[in-house]
Amino acid sequence: MYTLIDGKSTASLIKEEIAGEVRKRAAKGLKIPHLAAILVGDNGSSETYVNNKVKDCAEVGFKSTLIRMKAETKEAELLEKIRSLNEDPDVDGFIVQLPLPGHISETRVIEAIDPEKDADGFHPVNIGRMVTGIESYLPATPYGIVELLKRYNIVTSGRECVIIGRSNIVGRPLSILLSLKGMDATVTLVHSRTKDIRDHVLRADIVVAAMGSPRFVTADMIKEGAVVIDVGTTRVPAPETRSGWKLVGDVDFNSVAPRCSYITPVPGGVGPMTRVALLRNTLMAVRKR
């Protein structure tokens with residue numbers, strides 16, 4: 001029988017811990033953390049995500065600011081807005097919600113953010129610090145995954161971990177985090193050009209599916225007793241629902257779950273933990289000040 005890894009309740013527990021620290025700061029007259037977000041365009045998923053971030057801030061006592069910019073915003077205008085947030089002494093951390101419209105370079109945008117205010121943990125300076133094991137603002141989703149493994153007391157040391165997907169947002173940074181001292185996993189990163197993906201995944205003690213392909217991981221790819229972390233969130237048609245769609249992960253949950261020792265659901269698994277990471281990074285930033 002598998003154990004469901006409940007990201008929603010774990011995130012709520014961490015938010016309570018953060019809220020407690022914010023209350024202590026307020027009682028001492030110290031600065032209250034301020035997290036800002038820039039949303040360019042009207043992507044539905046991004047809209048939902050940033051609105052949830054605003055709610056998270058309210059729950060833990062953070063100050064929050066949401067800056068909306070039109071889809072046709074020029075790159076130079078966005079970079080100017082980033083510069084103003086970099087220089088705003090009241091803003092401790094901020095994010096620029098991805099994806100961005102096609103005419104804007106995500107790389108230039110990420111590099112323009114002050115590394116000390118990089119709540120998403122994507123800036124090359126923070127990635128470099130993470131690689132060398134120095135305390136840094138960690139990428140949100142990898143942090144959330146590692147925290148879930150720790151809080152569920154899932155052993156990673158010496159275990160085989162296979163990550164499916166090599167994005168700069170999840171796969172690559174997570175492979176580094178899991179291989180660092182203290183986690184000590186043996187990590188394999190597979191992707192669209194990997195031969196015989198199934199053979200790699202089948203030997204894994206821990207599988208992280210993060211390629212954005214709905215229900216890609218099936219029961220015949222998972223060994224008995226494996227831990228499965230599903231990062232995927234794809235909207236698929238669902239006429240039976242009021243919205244007409246539902247979220248599914250990269251794992252075929254119904255067939256895979258019976259083979260697992262632990263598994264995350266979609267939704268309610270990794271997603272809430274990703275948002276908590278933004279709060280954690282912002283709290284770290286205000287502590288440094």
# chains A, B, ... in the order shown; residues from 1 in each chain; ligands from 1

$ residues_around --residues "Phe62 (chain A)" --least-positions-apart "5" --cutoff "9 Å" --atoms "only C-alpha atoms" --output "list in words"
Ala19, Val22, Ile32, Pro33, His34, Leu35, Asp56, Cys57 and Leu279 of chain A

$ residues_around --residues "Lys74 (chain A)" --least-positions-apart "2" --cutoff "8 Å" --atoms "only C-alpha atoms" --output "PyMOL selection string"
chain A and resi 72+76-78+103-104

$ write_last_selection --atoms "C-alpha atoms" --output "PDB file, in the first residue's frame"
ATOM      1  CA  GLU A  72       2.706  43.559 -25.940  1.00  0.00           C
ATOM      2  CA  ALA A  76      13.051  47.320 -22.514  1.00  0.00           C
ATOM      3  CA  GLU A  77       9.964  48.315 -20.491  1.00  0.00           C
ATOM      4  CA  LEU A  78      10.070  45.074 -18.527  1.00  0.00           C
ATOM      5  CA  HIS A 103       9.396  38.603 -28.112  1.00  0.00           C
ATOM      6  CA  ILE A 104      10.987  38.876 -24.639  1.00  0.00           C
TER       7      ILE A 104
END

$ closest_residue --among "A:Glu116, A:Asp205, A:Glu240, A:Glu160" --to "Lys223 (chain A)" --atoms "only C-alpha atoms"
A:Asp205

$ select_by_dssp --residues "region 64-108 of chain A" --states "alpha helix (DSSP H)" --output "mmCIF file with C-alpha atoms, in the first residue's frame"
data_model
loop_
_atom_site.group_PDB
_atom_site.id
_atom_site.type_symbol
_atom_site.label_atom_id
_atom_site.label_comp_id
_atom_site.auth_asym_id
_atom_site.auth_seq_id
_atom_site.Cartn_x
_atom_site.Cartn_y
_atom_site.Cartn_z
ATOM 1 C CA GLU A 75 11.437 43.987 -23.365
ATOM 2 C CA ALA A 76 13.051 47.320 -22.514
ATOM 3 C CA GLU A 77 9.964 48.315 -20.491
ATOM 4 C CA LEU A 78 10.070 45.074 -18.527
ATOM 5 C CA LEU A 79 13.792 45.459 -17.849
ATOM 6 C CA GLU A 80 13.152 48.984 -16.581
ATOM 7 C CA LYS A 81 10.485 47.675 -14.199
ATOM 8 C CA ILE A 82 12.952 45.038 -12.959
ATOM 9 C CA ARG A 83 15.553 47.759 -12.394
ATOM 10 C CA SER A 84 13.078 49.739 -10.290
ATOM 11 C CA LEU A 85 12.334 46.687 -8.113
ATOM 12 C CA ASN A 86 16.059 45.989 -7.755
ATOM 13 C CA GLU A 87 16.470 49.514 -6.378
ATOM 14 C CA GLU A 106 13.760 34.997 -20.580
ATOM 15 C CA THR A 107 17.539 34.797 -20.230
ATOM 16 C CA ARG A 108 18.004 38.577 -20.295
#

$ atom_distance --atom1 "CA of Ser45 (chain A)" --atom2 "CA of Leu189 (chain A)"
26.9 Å
